[in-house]
file query_31.cif (mmCIF, C-alpha atoms and all ligand atoms)
data_run
loop_
_atom_site.label_atom_id
_atom_site.label_comp_id
_atom_site.auth_asym_id
_atom_site.auth_seq_id
_atom_site.Cartn_x
_atom_site.Cartn_y
_atom_site.Cartn_z
CA MET A 1 -15.64 8.29 9.48
CA GLY A 2 -12.82 5.82 9.55
CA TYR A 3 -10.14 8.35 10.27
CA PRO A 4 -8.54 8.61 13.64
CA MET A 5 -9.31 12.22 14.48
CA GLU A 6 -12.05 12.98 16.97
CA SER A 7 -14.98 14.15 14.85
CA ALA A 8 -15.82 14.69 11.22
CA THR A 9 -16.28 18.20 9.90
CA PRO A 10 -19.44 18.96 7.93
CA ALA A 11 -17.41 18.87 4.71
CA GLU A 12 -16.12 15.43 5.61
CA GLN A 13 -19.60 14.22 6.35
CA GLN A 14 -20.50 14.86 2.72
CA ILE A 15 -18.18 12.11 1.47
CA PRO A 16 -20.43 9.62 -0.30
CA SER A 17 -20.53 6.07 0.87
CA PRO A 18 -19.56 3.34 -1.59
CA ALA A 19 -23.25 2.52 -1.81
CA SER A 20 -24.18 5.92 -3.14
CA ALA A 21 -21.02 6.26 -5.21
CA ALA A 22 -20.83 2.88 -6.83
CA GLY A 23 -23.72 0.55 -6.32
CA PRO A 24 -24.41 -1.66 -3.34
CA ALA A 25 -22.04 -1.51 -0.41
CA LEU A 26 -20.26 -4.64 0.58
CA GLY A 27 -21.88 -5.66 3.80
CA THR A 28 -19.85 -7.65 6.28
CA SER A 29 -22.19 -10.55 5.72
CA GLN A 30 -21.09 -10.79 2.09
CA VAL A 31 -17.47 -11.25 3.02
CA VAL A 32 -16.81 -14.66 4.46
CA VAL A 33 -13.25 -14.97 5.60
CA PRO A 34 -11.82 -18.47 5.41
CA MET A 35 -9.23 -19.82 7.79
CA PRO A 36 -5.76 -18.44 7.17
CA ALA A 37 -3.97 -20.02 4.27
CA SER A 38 -1.13 -22.08 5.60
CA ARG A 39 2.30 -20.84 4.69
CA PRO A 40 5.49 -22.79 4.97
CA PRO A 41 7.27 -22.16 8.26
CA ALA A 42 9.94 -19.48 7.99
CA PRO A 43 13.47 -20.84 7.96
CA ALA A 44 15.28 -20.23 11.24
CA ALA A 45 17.70 -17.82 9.55
CA ALA A 46 15.73 -16.38 6.67
CA GLU A 47 17.64 -14.87 3.76
CA GLY A 48 18.83 -11.42 4.75
CA ALA A 49 17.63 -11.84 8.35
CA GLU A 50 21.03 -10.77 9.66
CA PHE A 51 20.73 -7.44 7.87
CA ALA A 52 19.03 -4.95 10.13
CA PRO A 53 19.34 -1.38 8.86
CA PRO A 54 18.65 1.22 11.51
CA ALA A 55 15.18 2.73 11.50
CA ASN A 56 14.71 5.56 9.01
CA SER A 57 17.63 4.54 6.80
CA GLY A 58 17.02 3.22 3.33
CA LEU A 59 14.47 3.92 0.65
CA HIS A 60 10.75 4.35 0.54
CA VAL A 61 9.50 2.34 -2.43
CA ALA A 62 5.84 2.48 -3.38
CA ILE A 63 4.31 0.04 -5.83
CA ILE A 64 1.11 0.21 -7.87
CA SER A 65 0.64 -3.50 -8.32
CA ASP A 66 -1.39 -3.43 -11.50
CA GLY A 67 -2.26 -6.09 -14.06
CA ASN A 68 -3.67 -8.91 -11.92
CA GLY A 69 -6.93 -9.05 -13.86
CA ARG A 70 -5.31 -9.06 -17.29
CA TRP A 71 -2.79 -11.65 -16.14
CA ALA A 72 -5.66 -13.95 -15.20
CA THR A 73 -7.93 -13.38 -18.19
CA SER A 74 -5.04 -13.88 -20.63
CA ARG A 75 -4.74 -17.35 -19.09
CA GLY A 76 -8.45 -18.08 -19.21
CA LEU A 77 -8.67 -17.75 -15.43
CA PRO A 78 -11.09 -15.71 -13.31
CA ARG A 79 -9.80 -12.31 -12.22
CA SER A 80 -9.74 -13.56 -8.63
CA ALA A 81 -6.94 -15.96 -9.63
CA GLY A 82 -4.92 -12.93 -10.72
CA HIS A 83 -5.41 -11.25 -7.36
CA ARG A 84 -4.40 -14.45 -5.57
CA ALA A 85 -1.26 -14.69 -7.70
CA GLY A 86 -0.68 -11.00 -6.97
CA ALA A 87 -0.76 -11.67 -3.24
CA GLU A 88 1.97 -14.31 -3.73
CA THR A 89 4.08 -11.76 -5.58
CA ALA A 90 3.55 -9.33 -2.71
CA ARG A 91 4.86 -11.95 -0.26
CA ARG A 92 8.05 -12.44 -2.28
CA ILE A 93 8.67 -8.72 -2.74
CA ILE A 94 8.06 -7.96 0.95
CA GLU A 95 10.45 -10.73 1.94
CA ALA A 96 13.20 -9.34 -0.30
CA ALA A 97 12.70 -5.64 0.40
CA PRO A 98 14.83 -5.14 3.56
CA ARG A 99 17.95 -6.72 2.12
CA LEU A 100 17.61 -4.47 -0.94
CA GLY A 101 17.86 -1.35 1.23
CA ILE A 102 14.15 -0.56 1.41
CA HIS A 103 12.95 0.69 4.80
CA THR A 104 9.41 1.52 3.77
CA LEU A 105 7.36 -0.36 1.20
CA THR A 106 3.89 0.88 0.33
CA LEU A 107 1.70 -1.42 -1.76
CA PHE A 108 -1.55 -0.32 -3.39
CA ALA A 109 -3.84 -3.19 -2.48
CA LEU A 110 -7.25 -1.57 -2.95
CA SER A 111 -8.02 1.88 -4.31
CA SER A 112 -11.12 3.74 -3.19
CA ALA A 113 -11.92 3.90 -6.92
CA ASN A 114 -12.06 0.10 -6.95
CA TRP A 115 -15.49 0.23 -5.25
CA LYS A 116 -16.77 0.82 -8.78
CA ARG A 117 -15.91 -2.78 -9.63
CA PRO A 118 -18.41 -5.61 -9.23
CA ALA A 119 -19.10 -6.34 -5.55
CA ALA A 120 -17.94 -9.94 -5.98
CA GLU A 121 -14.48 -8.83 -7.15
CA VAL A 122 -14.05 -6.25 -4.39
CA GLY A 123 -15.31 -8.77 -1.83
CA GLY A 124 -12.76 -11.28 -3.12
CA ILE A 125 -9.92 -8.77 -2.76
CA LEU A 126 -11.03 -7.88 0.79
CA ARG A 127 -11.15 -11.59 1.67
CA LEU A 128 -7.70 -12.05 0.23
CA LEU A 129 -6.34 -9.14 2.24
CA HIS A 130 -7.92 -10.52 5.39
CA GLU A 131 -6.39 -13.95 4.68
CA TYR A 132 -3.08 -12.26 4.05
CA LEU A 133 -3.14 -10.50 7.42
CA LEU A 134 -4.13 -13.67 9.26
CA SER A 135 -1.46 -15.80 7.61
CA GLU A 136 1.38 -13.27 7.46
CA THR A 137 1.27 -11.39 10.75
CA GLU A 138 3.37 -13.89 12.66
CA HIS A 139 5.83 -14.04 9.77
CA CYS A 140 6.06 -10.23 9.83
CA VAL A 141 6.83 -10.32 13.54
CA GLN A 142 9.60 -12.88 12.96
CA GLN A 143 11.03 -10.83 10.10
CA GLY A 144 10.96 -7.49 11.91
CA VAL A 145 8.30 -6.10 9.60
CA ARG A 146 6.01 -3.41 10.98
CA LEU A 147 2.71 -3.48 9.16
CA SER A 148 0.42 -0.47 8.79
CA VAL A 149 -2.67 0.06 6.73
CA ILE A 150 -3.32 3.42 5.11
CA GLY A 151 -6.74 4.42 3.85
CA ARG A 152 -10.30 4.47 5.09
CA ARG A 153 -11.42 1.83 7.55
CA ASP A 154 -15.08 2.66 7.90
CA ARG A 155 -16.13 0.91 4.68
CA VAL A 156 -14.31 -2.40 5.04
CA PRO A 157 -15.89 -5.31 6.90
CA SER A 158 -15.52 -5.07 10.67
CA THR A 159 -13.71 -8.43 10.73
CA LEU A 160 -11.06 -7.04 8.40
CA ARG A 161 -10.90 -3.83 10.43
CA GLN A 162 -10.18 -5.91 13.52
CA ALA A 163 -7.55 -7.98 11.72
CA ILE A 164 -5.83 -4.76 10.62
CA ALA A 165 -5.75 -3.47 14.21
CA ASP A 166 -4.47 -6.84 15.47
CA SER A 167 -1.70 -6.99 12.84
CA GLU A 168 -0.64 -3.43 13.48
CA ALA A 169 -0.46 -4.06 17.23
CA ALA A 170 1.39 -7.37 16.85
CA THR A 171 4.01 -5.97 14.46
CA ALA A 172 4.45 -2.53 16.03
CA ALA A 173 8.02 -3.23 17.17
CA GLY A 174 9.32 -4.24 13.71
CA LEU A 175 12.35 -2.24 12.64
CA ARG A 176 13.63 -3.93 9.46
CA LEU A 177 10.81 -2.83 7.19
CA HIS A 178 7.75 -0.63 7.45
CA LEU A 179 5.18 -2.31 5.22
CA ARG A 180 2.22 -0.07 4.41
CA LEU A 181 -0.75 -1.61 2.67
CA ALA A 182 -3.07 0.92 1.06
CA ILE A 183 -6.62 -0.37 1.44
CA ASP A 184 -9.65 1.70 0.41
CA TYR A 185 -7.14 4.42 -0.24
CA SER A 186 -7.47 7.66 -2.17
CA ALA A 187 -4.71 10.24 -1.91
CA ARG A 188 -6.99 13.02 -3.09
CA GLU A 189 -9.54 12.16 -0.43
CA ALA A 190 -6.86 11.96 2.26
CA ILE A 191 -5.52 15.39 1.27
CA PHE A 192 -9.06 16.75 1.32
CA HIS A 193 -9.66 15.35 4.81
CA ALA A 194 -6.32 16.72 6.00
CA ALA A 195 -7.21 20.14 4.57
CA CYS A 196 -10.54 20.02 6.44
CA ARG A 197 -8.66 19.47 9.69
CA PHE A 198 -5.78 21.80 8.96
CA TYR A 199 -7.70 24.97 9.76
CA LYS A 200 -7.53 23.97 13.44
CA VAL A 201 -3.73 23.82 13.32
CA THR A 202 -1.94 26.93 14.53
CA GLU A 203 1.48 26.26 12.98
CA LEU A 204 0.86 26.59 9.25
CA SER A 205 3.69 24.98 7.30
CA PRO A 206 4.15 22.18 4.77
CA GLU A 207 5.65 20.10 7.60
CA SER A 208 2.65 20.55 9.87
CA PHE A 209 0.33 19.76 6.93
CA SER A 210 2.35 16.57 6.38
CA ARG A 211 1.81 15.68 10.02
CA VAL A 212 -1.95 16.17 9.73
CA LEU A 213 -1.94 14.10 6.55
CA ALA A 214 -0.03 11.36 8.37
CA GLU A 215 -2.76 11.28 11.02
CA VAL A 216 -5.46 11.07 8.38
CA TYR A 217 -3.70 8.32 6.48
CA ARG A 218 -2.49 6.55 9.58
CA GLY A 219 0.75 4.66 9.01
CA GLY A 220 2.82 7.82 8.73
CA SER A 221 3.57 9.92 5.71
CA THR A 222 7.09 9.80 4.37
CA GLU A 223 8.38 10.94 1.01
CA VAL A 224 8.45 8.28 -1.68
CA ASP A 225 11.85 7.79 -3.31
CA LEU A 226 10.84 5.33 -6.01
CA LEU A 227 7.38 4.64 -7.41
CA ILE A 228 7.02 1.47 -9.45
CA ARG A 229 3.92 0.68 -11.49
CA THR A 230 3.51 -2.70 -13.12
CA GLY A 231 1.00 -3.66 -15.79
CA GLY A 232 2.01 -1.23 -18.54
CA GLU A 233 -0.07 1.81 -17.53
CA GLN A 234 1.81 5.01 -16.78
CA ARG A 235 -0.26 7.02 -14.33
CA LEU A 236 -0.48 7.68 -10.59
CA SER A 237 -4.14 6.71 -10.11
CA ASP A 238 -4.68 8.77 -6.95
CA PHE A 239 -1.81 7.09 -5.10
CA LEU A 240 0.37 9.04 -2.62
CA LEU A 241 -0.03 12.34 -4.47
CA TRP A 242 1.61 14.37 -1.70
CA GLU A 243 4.34 11.88 -0.90
CA CYS A 244 5.34 11.36 -4.54
CA ALA A 245 6.16 15.03 -5.18
CA PHE A 246 9.81 14.20 -5.88
CA ALA A 247 9.58 10.47 -6.46
CA GLU A 248 11.31 8.78 -9.36
CA PHE A 249 8.96 6.69 -11.47
CA VAL A 250 9.72 3.32 -13.04
CA PHE A 251 7.03 1.74 -15.20
CA VAL A 252 7.21 -1.98 -15.78
CA PRO A 253 5.19 -3.54 -18.61
CA LYS A 254 4.85 -6.90 -16.82
CA ALA A 255 1.67 -7.71 -14.93
CA TRP A 256 2.11 -7.74 -11.14
CA PRO A 257 1.87 -11.54 -10.77
CA ASP A 258 4.90 -11.85 -13.10
CA PHE A 259 6.93 -9.21 -11.25
CA THR A 260 9.99 -10.77 -9.62
CA VAL A 261 12.61 -9.82 -7.08
CA ALA A 262 15.00 -9.44 -10.04
CA ASP A 263 12.58 -6.87 -11.53
CA LEU A 264 12.62 -4.98 -8.24
CA GLU A 265 16.41 -5.07 -8.24
CA ALA A 266 16.43 -3.76 -11.83
CA ALA A 267 14.12 -0.89 -10.84
CA LEU A 268 16.38 -0.04 -7.90
CA GLU A 269 19.40 -0.16 -10.18
CA GLU A 270 17.70 2.26 -12.58
CA PHE A 271 16.85 4.48 -9.61
CA THR A 272 20.52 4.73 -8.64
CA HIS A 273 21.25 6.30 -12.05
CA ARG A 274 18.62 9.02 -11.70
CA GLU A 275 19.89 12.42 -10.69
CA ARG A 276 17.56 13.76 -8.03
CA THR A 277 17.95 17.52 -7.99
CA ARG A 278 14.52 18.44 -6.55
CA GLY A 279 14.51 21.51 -8.73
CA ALA A 280 18.10 22.52 -8.06
CA LEU A 281 20.83 22.36 -10.68
CA PRO A 282 22.70 19.08 -11.15
CA ASP A 283 26.02 19.01 -9.28
CA ALA A 284 27.96 19.36 -12.53
CA LEU A 285 26.30 22.71 -13.33
CA ALA A 286 25.93 24.10 -9.82
CA GLY A 287 29.56 25.24 -9.71
C1 LIG A 301 -4.54 -4.49 -9.64
O1 LIG A 301 -4.89 -5.34 -10.67
C2 LIG A 301 -4.76 -5.05 -8.30
C3 LIG A 301 -5.80 -4.74 -7.47
C4 LIG A 301 -6.86 -3.81 -7.85
C5 LIG A 301 -6.00 -5.26 -6.08
C6 LIG A 301 -5.36 -6.51 -5.58
C7 LIG A 301 -3.92 -6.36 -5.26
C8 LIG A 301 -3.19 -7.37 -4.81
C9 LIG A 301 -3.79 -8.70 -4.58
C10 LIG A 301 -1.73 -7.17 -4.58
C11 LIG A 301 -1.40 -6.84 -3.16
C12 LIG A 301 -1.77 -7.92 -2.24
C13 LIG A 301 -1.42 -8.00 -0.97
C14 LIG A 301 -1.87 -9.15 -0.18
C15 LIG A 301 -0.59 -7.01 -0.32
P1 LIG A 301 -6.15 -5.04 -11.61
O2 LIG A 301 -7.29 -5.86 -11.16
O3 LIG A 301 -6.39 -3.57 -11.68
O4 LIG A 301 -5.59 -5.58 -12.98
P2 LIG A 301 -6.05 -5.14 -14.45
O5 LIG A 301 -5.54 -3.73 -14.66
O6 LIG A 301 -5.33 -6.13 -15.31
O7 LIG A 301 -7.53 -5.27 -14.52
#
call {"tool": "encode", "arguments": {"input": "query_31.cif", "output": "structure tokens"}}
result
Amino acid sequence: MGYPMESATPAEQQIPSPASAAGPALGTSQVVVPMPASRPPAPAAAEGAEFAPPANSGLHVAIISDGNGRWATSRGLPRSAGHRAGAETARRIIEAAPRLGIHTLTLFALSSANWKRPAAEVGGILRLLHEYLLSETEHCVQQGVRLSVIGRRDRVPSTLRQAIADSEAATAAGLRLHLRLAIDYSAREAIFHAACRFYKVTELSPESFSRVLAEVYRGGSTEVDLLIRTGGEQRLSDFLLWECAFAEFVFVPKAWPDFTVADLEAALEEFTHRERTRGALPDALAG
């Protein structure tokens, strides 16, 4: 299995492979990774570079970046063009996040359910993610961004798996932003795997379960403050089910490639007006 714990339990071994679940698996040979796309050199003092919030301050924002395909087809373009435009949006949002008070940003880049899509589309997304890691890692280092990938690693091409490990190692010291990319990710499956391991844990508590879940996910497991979904749909789609227990949701009708930093600011502004009681009474009534 692609999870970091020592050995899979029998229950875990029953997880179907993408091949049995959704047609042919994407073999490494099908995914040809081009040279990294060149990106303009970062300015010496990038916008917001002077702002360095201490670790663990700020918000955890998670984004379901939906609508790439519709964005492309509405323009007569192949769906892959939508994903490429979506990756550009991701760059802009990641760049802006720290100065907007975000300490953790989790982006849904590839759901485990996406294996049901045509192999060519999934292969294109995996190539794009690989390109992204190759072209952005150095930029992340310069910007103090720590990059982690959450999700399974055993089904992605080994070249991508290596690029993930390289990026995580290179960016490990970043303190301005923890960027978590969810790749081949299913919250339900992660919770199931954590439950399979949990019986070995002696201290039974929600906190210790969270810790086991964090090991299964890799990349930690912190509560989501704000969940944004673009593209007009209003559902969670198996994303961060445990971590979103008390998250505020903002749904944005725009497709992800059209999502701007101003849209992120608007979502954060809306978030500031939400009263987060976590089941308690609002301050005005609590007495
Ligand atoms: C959702 O659009 C997007 C995906 C399934 C995967 C690709 C995501 C990105 C490229 C954004 C993040 C990228 C990086 C590099 C972090 P969809 O195909 O489901 O759109 P549709 O609902 O219109 O079909």
call {"tool": "closest_residue", "arguments": {"input": "query_31.cif", "among": "A:Leu129, A:Ile191, A:Leu105, A:Ala97", "to": "ligand LIG 301 (chain A)", "atoms": "all atoms listed in the file"}}
result
A:Leu129
call {"tool": "atom_distance", "arguments": {"input": "query_31.cif", "atom1": "atom CA of Trp256 of chain A", "atom2": "atom CA of Gly69 of chain A"}}
result
9.5 Å
call {"tool": "residues_around", "arguments": {"input": "query_31.cif", "residues": "Thr230 of chain A", "least_positions_apart": "5", "cutoff": "8 Å", "atoms": "all atoms listed in the file", "output": "number ranges by chain"}}
result
A: 63-67, 251-256, 259
call {"tool": "closest_residue", "arguments": {"input": "query_31.cif", "among": "A:Ala280, A:Leu126, A:Leu147, A:Leu227", "to": "Leu175 of chain A", "atoms": "only C-alpha atoms"}}
result
A:Leu147
call {"tool": "axis_aligned_box", "arguments": {"input": "query_31.cif", "around": "ligand LIG 301 (chain A)", "padding_each_side": "3 Å", "output": "lines of an AutoDock Vina configuration file"}}
result
center_x = -4.1
center_y = -6.4
center_z = -7.7
size_x = 12.9
size_y = 11.6
size_z = 21.1
call {"tool": "residues_near_ligand", "arguments": {"input": "query_31.cif", "ligand": "ligand LIG 301 (chain A)", "cutoff": "8 Å", "atoms": "all atoms listed in the file", "output": "VMD selection string"}}
result
chain A and resid 64 to 72 79 82 to 91 107 to 111 114 125 128 to 129 132 to 133 181 231 255 to 256
call {"tool": "write_last_selection", "arguments": {"input": "query_31.cif", "atoms": "C-alpha atoms", "output": "mmCIF file, keeping the file's coordinate frame"}}
result
data_model
loop_
_atom_site.group_PDB
_atom_site.id
_atom_site.type_symbol
_atom_site.label_atom_id
_atom_site.label_comp_id
_atom_site.auth_asym_id
_atom_site.auth_seq_id
_atom_site.Cartn_x
_atom_site.Cartn_y
_atom_site.Cartn_z
ATOM 1 C CA ILE A 64 1.110 0.210 -7.870
ATOM 2 C CA SER A 65 0.640 -3.500 -8.320
ATOM 3 C CA ASP A 66 -1.390 -3.430 -11.500
ATOM 4 C CA GLY A 67 -2.260 -6.090 -14.060
ATOM 5 C CA ASN A 68 -3.670 -8.910 -11.920
ATOM 6 C CA GLY A 69 -6.930 -9.050 -13.860
ATOM 7 C CA ARG A 70 -5.310 -9.060 -17.290
ATOM 8 C CA TRP A 71 -2.790 -11.650 -16.140
ATOM 9 C CA ALA A 72 -5.660 -13.950 -15.200
ATOM 10 C CA ARG A 79 -9.800 -12.310 -12.220
ATOM 11 C CA GLY A 82 -4.920 -12.930 -10.720
ATOM 12 C CA HIS A 83 -5.410 -11.250 -7.360
ATOM 13 C CA ARG A 84 -4.400 -14.450 -5.570
ATOM 14 C CA ALA A 85 -1.260 -14.690 -7.700
ATOM 15 C CA GLY A 86 -0.680 -11.000 -6.970
ATOM 16 C CA ALA A 87 -0.760 -11.670 -3.240
ATOM 17 C CA GLU A 88 1.970 -14.310 -3.730
ATOM 18 C CA THR A 89 4.080 -11.760 -5.580
ATOM 19 C CA ALA A 90 3.550 -9.330 -2.710
ATOM 20 C CA ARG A 91 4.860 -11.950 -0.260
ATOM 21 C CA LEU A 107 1.700 -1.420 -1.760
ATOM 22 C CA PHE A 108 -1.550 -0.320 -3.390
ATOM 23 C CA ALA A 109 -3.840 -3.190 -2.480
ATOM 24 C CA LEU A 110 -7.250 -1.570 -2.950
ATOM 25 C CA SER A 111 -8.020 1.880 -4.310
ATOM 26 C CA ASN A 114 -12.060 0.100 -6.950
ATOM 27 C CA ILE A 125 -9.920 -8.770 -2.760
ATOM 28 C CA LEU A 128 -7.700 -12.050 0.230
ATOM 29 C CA LEU A 129 -6.340 -9.140 2.240
ATOM 30 C CA TYR A 132 -3.080 -12.260 4.050
ATOM 31 C CA LEU A 133 -3.140 -10.500 7.420
ATOM 32 C CA LEU A 181 -0.750 -1.610 2.670
ATOM 33 C CA GLY A 231 1.000 -3.660 -15.790
ATOM 34 C CA ALA A 255 1.670 -7.710 -14.930
ATOM 35 C CA TRP A 256 2.110 -7.740 -11.140
#
call {"tool": "residues_around", "arguments": {"input": "query_31.cif", "residues": "Val201 of chain A", "least_positions_apart": "5", "cutoff": "9 Å", "atoms": "all atoms listed in the file", "output": "PyMOL selection string"}}
result
chain A and resi 208-209+212
call {"tool": "closest_residue", "arguments": {"input": "query_31.cif", "among": "A:Ala195, A:Val224, A:Leu236, A:Ala214", "to": "Thr106 of chain A", "atoms": "all atoms listed in the file"}}
result
A:Val224
call {"tool": "residues_around", "arguments": {"input": "query_31.cif", "residues": "Phe192 of chain A", "least_positions_apart": "3", "cutoff": "10 Å", "atoms": "all atoms listed in the file", "output": "list in words"}}
result
Ala11, Glu12, Ser186, Ala187, Arg188, Glu189, Ala195, Cys196, Arg197, Phe198, Leu213 and Val216 of chain A
call {"tool": "write_last_selection", "arguments": {"input": "query_31.cif", "atoms": "C-alpha atoms", "output": "short mmCIF file (atom, residue, chain, number, x, y, z; two decimals), in the frame of the given file"}}
result
data_model
loop_
_atom_site.label_atom_id
_atom_site.label_comp_id
_atom_site.auth_asym_id
_atom_site.auth_seq_id
_atom_site.Cartn_x
_atom_site.Cartn_y
_atom_site.Cartn_z
CA ALA A 11 -17.41 18.87 4.71
CA GLU A 12 -16.12 15.43 5.61
CA SER A 186 -7.47 7.66 -2.17
CA ALA A 187 -4.71 10.24 -1.91
CA ARG A 188 -6.99 13.02 -3.09
CA GLU A 189 -9.54 12.16 -0.43
CA ALA A 195 -7.21 20.14 4.57
CA CYS A 196 -10.54 20.02 6.44
CA ARG A 197 -8.66 19.47 9.69
CA PHE A 198 -5.78 21.80 8.96
CA LEU A 213 -1.94 14.10 6.55
CA VAL A 216 -5.46 11.07 8.38
#
call {"tool": "atom_distance", "arguments": {"input": "query_31.cif", "atom1": "atom CA of Leu240 of chain A", "atom2": "atom CA of Glu270 of chain A"}}
result
21.1 Å
call {"tool": "atom_distance", "arguments": {"input": "query_31.cif", "atom1": "atom CA of Val149 of chain A", "atom2": "atom CA of Arg180 of chain A"}}
result
5.4 Å
call {"tool": "residues_around", "arguments": {"input": "query_31.cif", "residues": "Glu138 of chain A", "least_positions_apart": "6", "cutoff": "9 Å", "atoms": "all atoms listed in the file", "output": "PDB file with C-alpha atoms, in the frame of the given file"}}
result
ATOM      1  CA  SER A 167      -1.700  -6.990  12.840  1.00  0.00           C
ATOM      2  CA  ALA A 170       1.390  -7.370  16.850  1.00  0.00           C
ATOM      3  CA  THR A 171       4.010  -5.970  14.460  1.00  0.00           C
TER       4      THR A 171
END
call {"tool": "closest_residue", "arguments": {"input": "query_31.cif", "among": "A:Val122, A:Asp154, A:Asp184, A:Leu226", "to": "Asp238 of chain A", "atoms": "all atoms listed in the file"}}
result
A:Asp184
call {"tool": "residues_around", "arguments": {"input": "query_31.cif", "residues": "Thr222 of chain A", "least_positions_apart": "5", "cutoff": "12 Å", "atoms": "all atoms listed in the file", "output": "NGL selection string"}}
result
:A and (56 or 58-62 or 103-106 or 178 or 180 or 207 or 210-211 or 213-215 or 217 or 240-247)
call {"tool": "write_last_selection", "arguments": {"input": "query_31.cif", "atoms": "C-alpha atoms", "output": "compact mmCIF listing (two decimals), keeping the file's coordinate frame"}}
result
# COMPACT_ATOMS: atom_id res chain seq x y z
CA ASN A 56 14.71 5.56 9.01
CA GLY A 58 17.02 3.22 3.33
CA LEU A 59 14.47 3.92 0.65
CA HIS A 60 10.75 4.35 0.54
CA VAL A 61 9.50 2.34 -2.43
CA ALA A 62 5.84 2.48 -3.38
CA HIS A 103 12.95 0.69 4.80
CA THR A 104 9.41 1.52 3.77
CA LEU A 105 7.36 -0.36 1.20
CA THR A 106 3.89 0.88 0.33
CA HIS A 178 7.75 -0.63 7.45
CA ARG A 180 2.22 -0.07 4.41
CA GLU A 207 5.65 20.10 7.60
CA SER A 210 2.35 16.57 6.38
CA ARG A 211 1.81 15.68 10.02
CA LEU A 213 -1.94 14.10 6.55
CA ALA A 214 -0.03 11.36 8.37
CA GLU A 215 -2.76 11.28 11.02
CA TYR A 217 -3.70 8.32 6.48
CA LEU A 240 0.37 9.04 -2.62
CA LEU A 241 -0.03 12.34 -4.47
CA TRP A 242 1.61 14.37 -1.70
CA GLU A 243 4.34 11.88 -0.90
CA CYS A 244 5.34 11.36 -4.54
CA ALA A 245 6.16 15.03 -5.18
CA PHE A 246 9.81 14.20 -5.88
CA ALA A 247 9.58 10.47 -6.46
call {"tool": "closest_residue", "arguments": {"input": "query_31.cif", "among": "A:Arg127, A:Ser80, A:His139, A:Ile93", "to": "Thr159 of chain A", "atoms": "only C-alpha atoms"}}
result
A:Arg127
call {"tool": "residues_near_point", "arguments": {"input": "query_31.cif", "point": "(5.3, -14.0, 6.5)", "cutoff": "8 Å", "atoms": "all atoms listed in the file", "output": "list in words"}}
result
Arg39, Ala42, Arg91, Glu95, Ser135, Glu136, Thr137, Glu138, His139, Cys140, Gln142 and Gln143 of chain A
